[in-house]
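Okay, run20.csv now, which holds CSV, C-alpha atoms:
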chain,number,residue,atom,x,y,z
A,1,MET,CA,6.3,17.9,-56.4
A,2,SER,CA,5.3,16.7,-52.9
A,3,ALA,CA,7.1,13.9,-51.1
A,4,HIS,CA,4.2,11.5,-51.4
A,5,GLN,CA,4.2,11.9,-55.2
A,6,LEU,CA,7.8,10.7,-55.6
A,7,VAL,CA,6.7,7.0,-55.5
A,8,ARG,CA,3.5,6.3,-57.3
A,9,ASP,CA,1.1,3.6,-56.2
A,10,ASP,CA,1.5,1.8,-59.5
A,11,VAL,CA,5.3,1.6,-59.0
A,12,GLN,CA,5.4,0.6,-55.3
A,13,LYS,CA,2.2,-0.1,-53.5
A,14,ALA,CA,1.8,0.7,-49.8
A,15,PRO,CA,2.2,-2.4,-47.6
A,16,GLU,CA,-1.0,-4.0,-46.3
A,17,PRO,CA,-1.4,-3.5,-42.6
A,18,SER,CA,-1.1,-6.8,-40.7
A,19,ALA,CA,-4.1,-8.4,-38.9
A,20,PRO,CA,-4.1,-8.1,-35.1
A,21,SER,CA,-2.8,-11.0,-33.1
A,22,LYS,CA,-5.3,-13.8,-32.3
A,23,VAL,CA,-6.9,-13.9,-28.9
A,24,THR,CA,-8.3,-17.4,-28.8
A,25,GLY,CA,-5.0,-19.1,-27.9
A,26,VAL,CA,-4.5,-16.9,-24.8
A,27,ALA,CA,-8.2,-17.3,-23.8
A,28,VAL,CA,-8.0,-21.1,-24.1
A,29,ALA,CA,-4.9,-21.1,-21.9
A,30,ALA,CA,-6.6,-18.9,-19.4
A,31,LEU,CA,-9.6,-21.3,-19.3
A,32,VAL,CA,-7.4,-24.3,-18.7
A,33,VAL,CA,-5.6,-22.6,-15.9
A,34,ASP,CA,-8.9,-21.4,-14.3
A,35,LEU,CA,-10.5,-24.8,-14.5
A,36,ILE,CA,-7.4,-26.4,-12.9
A,37,GLY,CA,-7.5,-23.8,-10.1
A,38,ILE,CA,-11.2,-24.3,-9.5
A,39,ALA,CA,-10.8,-28.1,-9.3
A,40,LEU,CA,-7.8,-27.9,-7.0
A,41,MET,CA,-9.7,-25.4,-4.8
A,42,LEU,CA,-12.8,-27.7,-4.6
A,43,TYR,CA,-10.6,-30.6,-3.6
A,44,ALA,CA,-8.7,-28.5,-1.0
A,45,VAL,CA,-12.0,-27.2,0.5
A,46,LYS,CA,-13.3,-30.8,0.7
A,47,LEU,CA,-10.1,-31.7,2.7
A,48,LEU,CA,-10.6,-28.7,4.9
A,49,ARG,CA,-14.2,-29.6,5.7
A,50,ASP,CA,-13.2,-33.3,6.4
A,51,TYR,CA,-10.5,-32.1,8.7
A,52,ASN,CA,-12.9,-29.9,10.6
A,53,HIS,CA,-15.6,-32.5,10.6
A,54,ASP,CA,-17.9,-30.5,8.4
A,55,ASN,CA,-18.5,-27.7,11.0
A,56,ALA,CA,-20.2,-24.5,10.0
A,57,ALA,CA,-17.1,-22.3,10.1
A,58,ALA,CA,-15.2,-24.6,7.7
A,59,THR,CA,-18.2,-24.7,5.4
A,60,VAL,CA,-18.4,-20.9,5.3
A,61,VAL,CA,-14.7,-20.5,4.6
A,62,GLY,CA,-14.9,-23.2,1.9
A,63,VAL,CA,-17.8,-21.5,0.2
A,64,ILE,CA,-16.0,-18.2,0.2
A,65,LEU,CA,-12.8,-19.8,-1.2
A,66,VAL,CA,-14.7,-21.5,-4.0
A,67,LEU,CA,-16.6,-18.3,-5.0
A,68,ILE,CA,-13.3,-16.4,-5.1
A,69,SER,CA,-11.8,-19.2,-7.3
A,70,LEU,CA,-14.6,-18.6,-9.8
A,71,TYR,CA,-13.7,-15.0,-10.3
A,72,PRO,CA,-10.9,-15.6,-13.0
A,73,LEU,CA,-13.6,-17.1,-15.3
A,74,TRP,CA,-15.0,-13.6,-15.8
A,75,PRO,CA,-12.0,-12.0,-17.5
A,76,THR,CA,-11.4,-15.3,-19.4
A,77,ILE,CA,-15.0,-15.1,-20.8
A,78,GLN,CA,-14.3,-11.5,-21.7
A,79,GLY,CA,-11.3,-12.7,-23.6
A,80,PHE,CA,-13.4,-15.2,-25.6
A,81,LEU,CA,-15.9,-12.4,-26.4
A,82,GLY,CA,-13.0,-10.2,-27.5
A,83,ALA,CA,-11.9,-13.0,-29.9
A,84,GLY,CA,-15.4,-13.1,-31.4
A,85,LYS,CA,-15.6,-9.3,-31.8
A,86,ARG,CA,-12.1,-9.3,-33.4
A,87,ALA,CA,-13.2,-11.8,-36.0
A,88,LYS,CA,-16.4,-9.9,-36.8
A,89,LEU,CA,-14.6,-6.6,-37.1
A,90,LEU,CA,-11.9,-8.1,-39.4
A,91,ALA,CA,-14.7,-9.5,-41.6
A,92,ASP,CA,-16.1,-5.9,-41.8
A,93,LYS,CA,-12.6,-4.6,-42.7
A,94,GLN,CA,-12.5,-2.5,-39.5
A,95,LEU,CA,-8.8,-3.0,-38.9
A,96,VAL,CA,-8.3,-0.3,-36.3
A,97,ALA,CA,-11.3,-1.3,-34.2
A,98,ALA,CA,-10.2,-5.0,-34.5
A,99,ARG,CA,-6.8,-4.1,-33.2
A,100,ARG,CA,-8.2,-2.4,-30.2
A,101,THR,CA,-10.6,-5.2,-29.4
A,102,ALA,CA,-7.9,-7.8,-29.8
A,103,ALA,CA,-5.6,-6.0,-27.5
A,104,ARG,CA,-8.3,-5.7,-24.9
A,105,GLY,CA,-9.2,-9.4,-25.3
A,106,ARG,CA,-5.6,-10.5,-24.8
A,107,GLU,CA,-5.4,-8.3,-21.7
A,108,ASP,CA,-8.5,-9.8,-20.3
A,109,ALA,CA,-7.3,-13.3,-21.0
A,110,ALA,CA,-3.9,-12.6,-19.4
A,111,ILE,CA,-5.8,-11.4,-16.3
A,112,GLY,CA,-7.6,-14.7,-16.3
A,113,VAL,CA,-4.3,-16.5,-16.5
A,114,GLY,CA,-2.8,-14.5,-13.6
A,115,TYR,CA,-5.8,-14.8,-11.3
A,116,GLY,CA,-6.2,-18.5,-12.2
A,117,ALA,CA,-2.5,-19.1,-11.3
A,118,ALA,CA,-3.1,-17.3,-8.0
A,119,VAL,CA,-6.0,-19.7,-7.3
A,120,ILE,CA,-3.8,-22.7,-8.1
A,121,ILE,CA,-1.2,-21.5,-5.6
A,122,VAL,CA,-3.7,-20.8,-2.8
A,123,GLY,CA,-5.5,-24.1,-3.5
A,124,GLY,CA,-2.1,-25.9,-3.5
A,125,VAL,CA,-1.1,-24.4,-0.2
A,126,LEU,CA,-4.4,-25.3,1.3
A,127,TRP,CA,-4.2,-28.8,-0.1
A,128,LEU,CA,-0.7,-29.2,1.3
A,129,ALA,CA,-1.9,-28.1,4.7
A,130,MET,CA,-4.8,-30.5,4.8
A,131,THR,CA,-3.2,-33.5,3.1
A,132,SER,CA,-2.4,-36.7,5.0
A,133,GLU,CA,-5.5,-36.2,7.2
A,134,GLY,CA,-4.3,-32.8,8.3
A,135,ALA,CA,-0.9,-33.8,9.4
A,136,VAL,CA,0.6,-30.5,8.3
A,137,ALA,CA,-2.1,-28.5,10.1
A,138,ASP,CA,-1.7,-30.6,13.2
A,139,THR,CA,2.0,-30.0,13.2
A,140,PHE,CA,2.1,-26.3,12.5
A,141,LEU,CA,-1.4,-24.8,12.7
A,142,ARG,CA,-3.3,-26.2,15.7
A,143,VAL,CA,-5.6,-23.5,16.9
A,144,ASP,CA,-6.1,-25.1,20.3
A,145,ALA,CA,-2.3,-25.0,20.9
A,146,TRP,CA,-2.3,-21.3,19.9
A,147,ARG,CA,-5.1,-20.6,22.3
A,148,GLN,CA,-3.2,-22.4,25.2
A,149,SER,CA,0.1,-20.7,24.6
A,150,PHE,CA,-0.9,-17.3,23.5
A,151,ASP,CA,-0.8,-15.5,26.8
A,152,GLU,CA,2.7,-16.6,27.7
A,153,LEU,CA,4.0,-16.1,24.2
A,154,ILE,CA,2.7,-12.5,23.9
A,155,HIS,CA,4.3,-11.6,27.3
A,156,ALA,CA,7.6,-13.2,26.2
A,157,PHE,CA,7.4,-11.4,22.9
A,158,TRP,CA,7.6,-8.1,24.8
A,159,ILE,CA,11.2,-9.1,25.7
A,160,ASN,CA,12.0,-9.3,22.0
A,161,ILE,CA,10.5,-5.9,21.4
A,162,TRP,CA,12.3,-4.0,24.1
A,163,VAL,CA,15.6,-5.8,23.5
A,164,ALA,CA,15.3,-4.8,19.8
A,165,VAL,CA,14.4,-1.2,20.5
A,166,VAL,CA,17.1,-0.7,23.2
A,167,SER,CA,19.7,-2.5,21.1
A,168,PHE,CA,19.0,-0.4,18.0
A,169,ILE,CA,19.3,2.9,20.0
A,170,LEU,CA,22.7,1.8,21.2
A,171,VAL,CA,23.6,0.6,17.7
A,172,LEU,CA,22.8,3.9,16.2
A,173,ILE,CA,25.1,5.7,18.7
A,174,PHE,CA,27.9,3.2,18.6
A,175,GLY,CA,27.7,2.7,14.8
A,176,LEU,CA,28.0,6.5,14.3
A,177,ILE,CA,31.1,6.6,16.5
A,178,LEU,CA,32.6,3.7,14.5
A,179,ALA,CA,31.7,5.4,11.2
A,180,ILE,CA,33.3,8.7,12.3
A,181,MET,CA,36.4,6.8,13.5
A,182,ARG,CA,36.7,5.2,10.0
A,183,MET,CA,36.5,8.6,8.3
A,184,LEU,CA,38.9,10.5,10.5
A,185,PRO,CA,41.4,12.3,8.2
A,186,GLY,CA,45.2,12.4,8.2
A,187,ARG,CA,47.9,10.5,10.0
A,188,ALA,CA,46.5,11.5,13.4
A,189,GLY,CA,43.3,9.5,12.7
A,190,ALA,CA,45.1,6.4,11.3
A,191,PRO,CA,45.2,4.4,14.5
A,192,LEU,CA,41.5,5.0,15.2
A,193,ARG,CA,40.7,4.2,11.5
A,194,LEU,CA,42.5,0.9,11.9
A,195,ILE,CA,40.7,0.0,15.1
A,196,ALA,CA,37.3,0.8,13.7
A,197,THR,CA,38.1,-1.1,10.5
A,198,VAL,CA,39.2,-4.2,12.4
A,199,TYR,CA,36.1,-4.1,14.6
A,200,CYS,CA,33.7,-3.8,11.7
A,201,ASP,CA,35.5,-6.6,9.8
A,202,VAL,CA,35.6,-8.9,12.8
A,203,PHE,CA,32.0,-8.5,13.9
A,204,ARG,CA,30.6,-8.7,10.4
A,205,ALA,CA,32.5,-12.0,10.0
A,206,ILE,CA,31.3,-13.6,13.3
A,207,PRO,CA,27.8,-15.0,13.1
A,208,ALA,CA,25.4,-13.3,15.5
A,209,ILE,CA,24.6,-16.5,17.2
A,210,VAL,CA,28.3,-17.0,18.1
A,211,THR,CA,28.4,-13.5,19.6
A,212,VAL,CA,25.3,-14.2,21.6
A,213,LEU,CA,26.9,-17.4,23.0
A,214,LEU,CA,30.2,-15.7,23.8
A,215,VAL,CA,28.6,-12.7,25.6
A,216,ALA,CA,25.7,-14.5,27.4
A,217,PHE,CA,27.9,-17.3,28.8
A,218,GLY,CA,31.3,-15.6,28.9
A,219,ALA,CA,30.6,-12.1,30.3
A,220,THR,CA,29.5,-13.4,33.7
A,221,LEU,CA,32.7,-15.4,34.0
A,222,ALA,CA,35.0,-12.7,32.7
A,223,PHE,CA,33.4,-9.7,34.3
A,224,SER,CA,32.1,-10.1,37.9
A,225,PHE,CA,30.0,-6.9,37.7
A,226,THR,CA,27.7,-8.5,35.1
A,227,GLN,CA,26.8,-11.4,37.4
A,228,ASN,CA,23.8,-9.5,38.8
A,229,TRP,CA,22.6,-8.3,35.4
A,230,ASN,CA,19.3,-9.5,33.9
A,231,ILE,CA,20.5,-11.9,31.2
A,232,ALA,CA,18.4,-10.1,28.6
A,233,TRP,CA,20.8,-7.1,29.0
A,234,LEU,CA,23.7,-9.4,27.9
A,235,GLY,CA,21.6,-10.2,24.8
A,236,VAL,CA,21.3,-6.4,24.2
A,237,VAL,CA,25.1,-6.1,24.5
A,238,ALA,CA,25.7,-9.0,22.0
A,239,LEU,CA,23.3,-7.7,19.4
A,240,THR,CA,24.7,-4.2,19.8
A,241,MET,CA,28.2,-5.4,19.2
A,242,THR,CA,27.1,-7.3,16.1
A,243,TYR,CA,24.9,-4.8,14.4
A,244,SER,CA,27.1,-1.7,15.2
A,245,ALA,CA,29.5,-3.1,12.6
A,246,TYR,CA,26.8,-3.2,9.9
A,247,VAL,CA,25.2,0.2,10.8
A,248,ALA,CA,28.7,1.8,10.8
A,249,GLU,CA,29.0,0.8,7.1
A,250,VAL,CA,25.5,2.3,6.5
A,251,TYR,CA,26.6,5.6,8.1
A,252,ARG,CA,29.8,5.6,6.2
A,253,ALA,CA,28.2,4.9,2.8
A,254,GLY,CA,25.6,7.6,3.5
A,255,LEU,CA,28.2,10.2,4.4
A,256,ALA,CA,30.4,9.2,1.5
A,257,SER,CA,27.5,9.6,-0.9
A,258,ILE,CA,27.5,13.4,-0.3
A,259,HIS,CA,29.6,15.2,-2.9
A,260,PRO,CA,33.1,16.1,-1.6
A,261,SER,CA,32.4,19.7,-2.6
A,262,GLN,CA,30.0,20.0,0.3
A,263,GLY,CA,32.6,19.2,2.9
A,264,ALA,CA,35.2,21.3,1.1
A,265,ALA,CA,32.9,24.3,1.0
A,266,ALA,CA,32.1,23.9,4.7
A,267,ARG,CA,35.8,23.7,5.6
A,268,SER,CA,36.6,26.7,3.5
A,269,LEU,CA,34.1,28.7,5.5
A,270,GLY,CA,36.0,27.9,8.7
A,271,LEU,CA,34.0,25.0,10.0
A,272,SER,CA,35.9,22.3,11.9
A,273,TYR,CA,35.6,18.6,10.9
A,274,SER,CA,33.1,17.9,13.6
A,275,GLN,CA,31.1,21.0,12.7
A,276,THR,CA,31.1,19.9,9.0
A,277,LEU,CA,29.7,16.5,10.0
A,278,ARG,CA,27.1,17.9,12.3
A,279,ALA,CA,25.8,20.8,10.2
A,280,VAL,CA,26.5,19.9,6.6
A,281,LEU,CA,27.1,16.2,5.9
A,282,VAL,CA,24.9,14.3,8.4
A,283,PRO,CA,21.7,16.3,7.7
A,284,GLN,CA,22.0,15.6,4.0
A,285,ALA,CA,22.9,11.9,4.5
A,286,VAL,CA,20.1,11.1,6.9
A,287,ARG,CA,17.5,10.9,4.2
A,288,ARG,CA,19.5,8.4,2.3
A,289,MET,CA,20.4,6.4,5.3
A,290,VAL,CA,16.9,5.9,6.7
A,291,PRO,CA,15.7,3.0,4.4
A,292,PRO,CA,18.9,0.9,5.0
A,293,LEU,CA,18.8,1.6,8.7
A,294,MET,CA,15.1,0.5,8.9
A,295,ASN,CA,16.1,-2.7,7.1
A,296,ASP,CA,18.8,-3.3,9.7
A,297,PHE,CA,16.3,-2.7,12.5
A,298,ILE,CA,14.0,-5.3,10.9
A,299,SER,CA,16.9,-7.8,10.8
A,300,LEU,CA,17.8,-7.0,14.4
A,301,GLN,CA,14.2,-7.6,15.5
A,302,LYS,CA,14.3,-11.1,13.9
A,303,ASP,CA,17.7,-11.9,15.5
A,304,THR,CA,16.4,-11.3,19.0
A,305,ALA,CA,15.1,-14.9,18.6
A,306,LEU,CA,18.8,-16.0,18.8
A,307,LEU,CA,18.6,-15.1,22.5
A,308,SER,CA,16.8,-18.3,23.1
A,309,ILE,CA,20.1,-20.2,22.9
A,310,ALA,CA,21.1,-18.4,26.0
A,311,ALA,CA,18.0,-19.5,27.9
A,312,ILE,CA,16.6,-15.9,27.8
A,313,PRO,CA,12.8,-16.3,28.1
A,314,GLU,CA,11.9,-14.5,24.9
A,315,VAL,CA,9.2,-15.7,22.6
A,316,LEU,CA,11.1,-18.5,20.8
A,317,GLN,CA,12.3,-20.0,24.1
A,318,VAL,CA,8.8,-20.0,25.6
A,319,ALA,CA,7.4,-21.4,22.3
A,320,LYS,CA,9.9,-24.3,22.5
A,321,LEU,CA,8.8,-25.1,26.0
A,322,TRP,CA,5.2,-25.2,24.8
A,323,GLU,CA,6.3,-27.3,21.9
A,324,SER,CA,7.7,-30.0,24.2
A,325,LYS,CA,4.6,-29.8,26.4
A,326,LEU,CA,2.0,-30.1,23.5
A,327,TYR,CA,4.0,-32.2,21.1
A,328,THR,CA,3.3,-29.8,18.2
A,329,LEU,CA,5.2,-27.0,16.5
A,330,ALA,CA,2.1,-24.8,16.5
A,331,PRO,CA,3.5,-22.5,19.3
A,332,VAL,CA,6.6,-21.9,17.3
A,333,THR,CA,4.4,-21.0,14.3
A,334,LEU,CA,2.5,-18.5,16.5
A,335,ALA,CA,5.9,-17.0,17.5
A,336,ALA,CA,6.7,-16.6,13.8
A,337,LEU,CA,3.3,-14.9,13.3
A,338,PHE,CA,4.2,-12.3,16.0
A,339,PHE,CA,7.3,-11.4,14.1
A,340,ILE,CA,5.4,-11.3,10.8
A,341,ILE,CA,2.8,-8.9,12.3
A,342,ILE,CA,5.3,-6.4,13.4
A,343,THR,CA,7.8,-6.7,10.5
A,344,ILE,CA,5.5,-6.4,7.5
A,345,PRO,CA,4.3,-2.9,8.3
A,346,GLN,CA,7.9,-1.8,8.8
A,347,ALA,CA,8.9,-3.3,5.4
A,348,ARG,CA,6.1,-1.5,3.7
A,349,PHE,CA,7.2,1.7,5.4
A,350,VAL,CA,10.7,1.2,4.1
A,351,ASP,CA,9.3,0.8,0.6
A,352,TYR,CA,7.3,4.0,1.0
A,353,LEU,CA,10.4,5.9,2.1
A,354,ILE,CA,12.4,4.5,-0.9
A,355,ASN,CA,9.6,5.4,-3.4
A,356,ARG,CA,9.2,8.9,-1.8
A,357,ASP,CA,12.9,9.6,-2.1
A,358,ALA,CA,12.9,8.4,-5.7
A,359,ALA,CA,9.9,10.6,-6.5
A,360,LYS,CA,11.7,13.6,-4.9
A,361,ARG,CA,14.8,12.9,-6.9
A,362,ALA,CA,12.8,12.6,-10.2
A,363,GLY,CA,10.9,15.8,-9.4
A,364,GLY,CA,14.1,17.6,-8.6
Let's see the structure in the file written out as structure tokens.
Amino acid sequence: MSAHQLVRDDVQKAPEPSAPSKVTGVAVAALVVDLIGIALMLYAVKLLRDYNHDNAAATVVGVILVLISLYPLWPTIQGFLGAGKRAKLLADKQLVAARRTAARGREDAAIGVGYGAAVIIVGGVLWLAMTSEGAVADTFLRVDAWRQSFDELIHAFWINIWVAVVSFILVLIFGLILAIMRMLPGRAGAPLRLIATVYCDVFRAIPAIVTVLLVAFGATLAFSFTQNWNIAWLGVVALTMTYSAYVAEVYRAGLASIHPSQGAAARSLGLSYSQTLRAVLVPQAVRRMVPPLMNDFISLQKDTALLSIAAIPEVLQVAKLWESKLYTLAPVTLAALFFIIITIPQARFVDYLINRDAAKRAGG
């Protein structure tokens, strides 16, 4: 007797398959969200044209935004069509096809909700920027202020760039020295381990802005040989002192992530501690350390703006001068845009490195 004959249909009937979930509710929600987004975008575009006195550029931008806001209606309509097909297939007892159609209809309706919500967000931001007769735009987004201050700001931003690059090169060197000091073995290395530990703890505890103030204004008083330095170099010293403490921990974590057997095997082959670090541990740890080191570099780039408190003529300092001259924060917004432009590609590169490393580990 086969297994399916053990329970006869007249004793226990097979359960009836359930009907697929309804699509109409999700489609209606998508339609409501889409209509709210379109209405909000139309109102925001009106405010945009009023603020720009109905000029051609504002009109073109407004038309493009409205057309984009209409896109979510397409998947929403597909969701309603899917609801109708589902009902028809159920009436014809085509349960499997009805399930497929319902799933696709719910997916289309969900897409309509997602894109409609995005339109609401964009329209809301535009409405916020144009509200109160463009007060927000006048405060942060004045194009004429950007045009007037651009040349000076872009030249000042070069100081931020070279300070960040030079500081990070020094940070990589000094941070590695600190990490090695913290990992020295035995009683002979105990004093150096203590010094490196205290340094890292202290400079991770002190805010970077305090370090910049102490170095920029105190170094010239305490060390006479620094009086002839370009003050930007004092900013390099301050940022190096702060970020070396963080990068040292990145190095130490990367080296500690290598299995102890690697170091033990190298030492058993007769390699010294320094040779083991150089030839065995560091090469394996580099791949794991690159993403967090890149994140630290991004943070260091942003913290170069702290040099403005020491009157170093970097981009924020110059933007503040233009702010007081034009009575608008638009130059400061332009300075922020400079940082965004150079930071986002680096952030995406970090994501690429992380995903590539994860793919290699999964493949291995």
Would you write out, as CSV, a table of all residues in range 167-228 of chain A that have an atom no more than 12 Å from an atom of range 232-240 of chain A, listing for each the closest atom pair and the distance in Å to one decimal, considering all atoms listed in the file and ordering rows by chain and rising residue number?
residue,atom,partner,partner_atom,distance
A:Ser167,CA,A:Val236,CA,5.2
A:Phe168,CA,A:Thr240,CA,7.1
A:Ile169,CA,A:Thr240,CA,8.9
A:Leu170,CA,A:Thr240,CA,6.5
A:Val171,CA,A:Thr240,CA,5.4
A:Leu172,CA,A:Thr240,CA,9.1
A:Ile173,CA,A:Thr240,CA,10.0
A:Phe174,CA,A:Thr240,CA,8.2
A:Gly175,CA,A:Thr240,CA,9.0
A:Phe203,CA,A:Ala238,CA,10.3
A:Arg204,CA,A:Leu239,CA,11.6
A:Ile206,CA,A:Ala238,CA,11.3
A:Pro207,CA,A:Leu239,CA,10.6
A:Ala208,CA,A:Leu239,CA,7.1
A:Ile209,CA,A:Ala238,CA,9.0
A:Val210,CA,A:Ala238,CA,9.3
A:Thr211,CA,A:Ala238,CA,5.8
A:Val212,CA,A:Ala238,CA,5.2
A:Leu213,CA,A:Ala238,CA,8.5
A:Leu214,CA,A:Ala238,CA,8.3
A:Val215,CA,A:Ala238,CA,5.9
A:Ala216,CA,A:Leu234,CA,5.5
A:Phe217,CA,A:Leu234,CA,9.0
A:Gly218,CA,A:Leu234,CA,9.9
A:Ala219,CA,A:Leu234,CA,7.8
A:Thr220,CA,A:Leu234,CA,9.1
A:Phe223,CA,A:Leu234,CA,11.6
A:Phe225,CA,A:Leu234,CA,11.9
A:Thr226,CA,A:Leu234,CA,8.3
A:Gln227,CA,A:Leu234,CA,10.2
A:Asn228,CA,A:Trp233,CA,10.5
Shortest interatomic distance to Tyr246 in chain A - which of A:Ala336, A:Val202, A:Leu126, A:Ile161, counting only C-alpha atoms: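 Closest to Tyr246 in chain A, using only C-alpha atoms: A:Val202.
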Residues near Arg49 in chain A, cut-off 12 Å, only C-alpha atoms, skip fewer than 2 positions along chain, as a PyMOL selection string: chain A and resi 42-47+51-63+126-127+130-131+133-134
Just-selected residues, C-alpha atoms written as a PDB file, keeping the file's coordinate frame:
ATOM      1  CA  LEU A  42     -12.800 -27.700  -4.600  1.00  0.00           C
ATOM      2  CA  TYR A  43     -10.600 -30.600  -3.600  1.00  0.00           C
ATOM      3  CA  ALA A  44      -8.700 -28.500  -1.000  1.00  0.00           C
ATOM      4  CA  VAL A  45     -12.000 -27.200   0.500  1.00  0.00           C
ATOM      5  CA  LYS A  46     -13.300 -30.800   0.700  1.00  0.00           C
ATOM      6  CA  LEU A  47     -10.100 -31.700   2.700  1.00  0.00           C
ATOM      7  CA  TYR A  51     -10.500 -32.100   8.700  1.00  0.00           C
ATOM      8  CA  ASN A  52     -12.900 -29.900  10.600  1.00  0.00           C
ATOM      9  CA  HIS A  53     -15.600 -32.500  10.600  1.00  0.00           C
ATOM     10  CA  ASP A  54     -17.900 -30.500   8.400  1.00  0.00           C
ATOM     11  CA  ASN A  55     -18.500 -27.700  11.000  1.00  0.00           C
ATOM     12  CA  ALA A  56     -20.200 -24.500  10.000  1.00  0.00           C
ATOM     13  CA  ALA A  57     -17.100 -22.300  10.100  1.00  0.00           C
ATOM     14  CA  ALA A  58     -15.200 -24.600   7.700  1.00  0.00           C
ATOM     15  CA  THR A  59     -18.200 -24.700   5.400  1.00  0.00           C
ATOM     16  CA  VAL A  60     -18.400 -20.900   5.300  1.00  0.00           C
ATOM     17  CA  VAL A  61     -14.700 -20.500   4.600  1.00  0.00           C
ATOM     18  CA  GLY A  62     -14.900 -23.200   1.900  1.00  0.00           C
ATOM     19  CA  VAL A  63     -17.800 -21.500   0.200  1.00  0.00           C
ATOM     20  CA  LEU A 126      -4.400 -25.300   1.300  1.00  0.00           C
ATOM     21  CA  TRP A 127      -4.200 -28.800  -0.100  1.00  0.00           C
ATOM     22  CA  MET A 130      -4.800 -30.500   4.800  1.00  0.00           C
ATOM     23  CA  THR A 131      -3.200 -33.500   3.100  1.00  0.00           C
ATOM     24  CA  GLU A 133      -5.500 -36.200   7.200  1.00  0.00           C
ATOM     25  CA  GLY A 134      -4.300 -32.800   8.300  1.00  0.00           C
TER      26      GLY A 134
END
Protein, DNA and RNA residues within 12 Å of (11.5, -18.7, 26.3), all atoms listed in the file, as a PyMOL selection string: chain A and resi 149+152-160+232+304-323+331-332+335
Non-local contacts of Val122 in chain A (9 Å; only C-alpha atoms; under 5 positions in same chain excluded) as number ranges by chain: A: 37, 41, 117, 127
Point-to-point distance from CA of Gly79 in chain A to CA of Val113 in chain A, Å rounded to tenths: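 For CA of Gly79 in chain A relative to CA of Val113 in chain A, the distance reads 10.7 Å.
If all atoms listed in the file are the atoms counted, then among A:Ala265, A:Ala103, A:Ala83, A:Leu277 the closest residue to Met183 in chain A is A:Leu277.
Here CA of Val33 in chain A and CA of Gly82 in chain A stand 18.5 Å from one another.
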Interatomic distance (Å, one decimal) between CA of Ala109 in chain A and CA of Gln78 in chain A: 7.3 Å
Exercise: Arg182 in chain A partners within 12 Å, all atoms listed in the file, chain neighbours under 5 positions left out, as JSON, numbers by chain: {"A": [175, 176, 177, 189, 190, 191, 192, 193, 194, 195, 196, 197, 198, 199, 200, 201, 245, 248, 249, 251, 252, 253, 255, 256]}
Quick one: 8 Å padding each side, axis-aligned, all listed atoms of range 225-239 of chain A - centre and edge lengths in Å to one decimal, as JSON?
{"center_x": 24.2, "center_y": -9.0, "center_z": 29.1, "size_x": 27.6, "size_y": 21.8, "size_z": 35.4}
Long-range neighbours of Lys85 in chain A as a PyMOL selection string, 12 Å cut-off, all atoms listed in the file, 4 positions minimum in chain: chain A and resi 22-24+78-81+89-92+94-95+97-105
Residue nearest Val136 in chain A among A:Thr333, A:Asn355, A:Ser324, A:Ser21 (counting all atoms listed in the file): A:Thr333
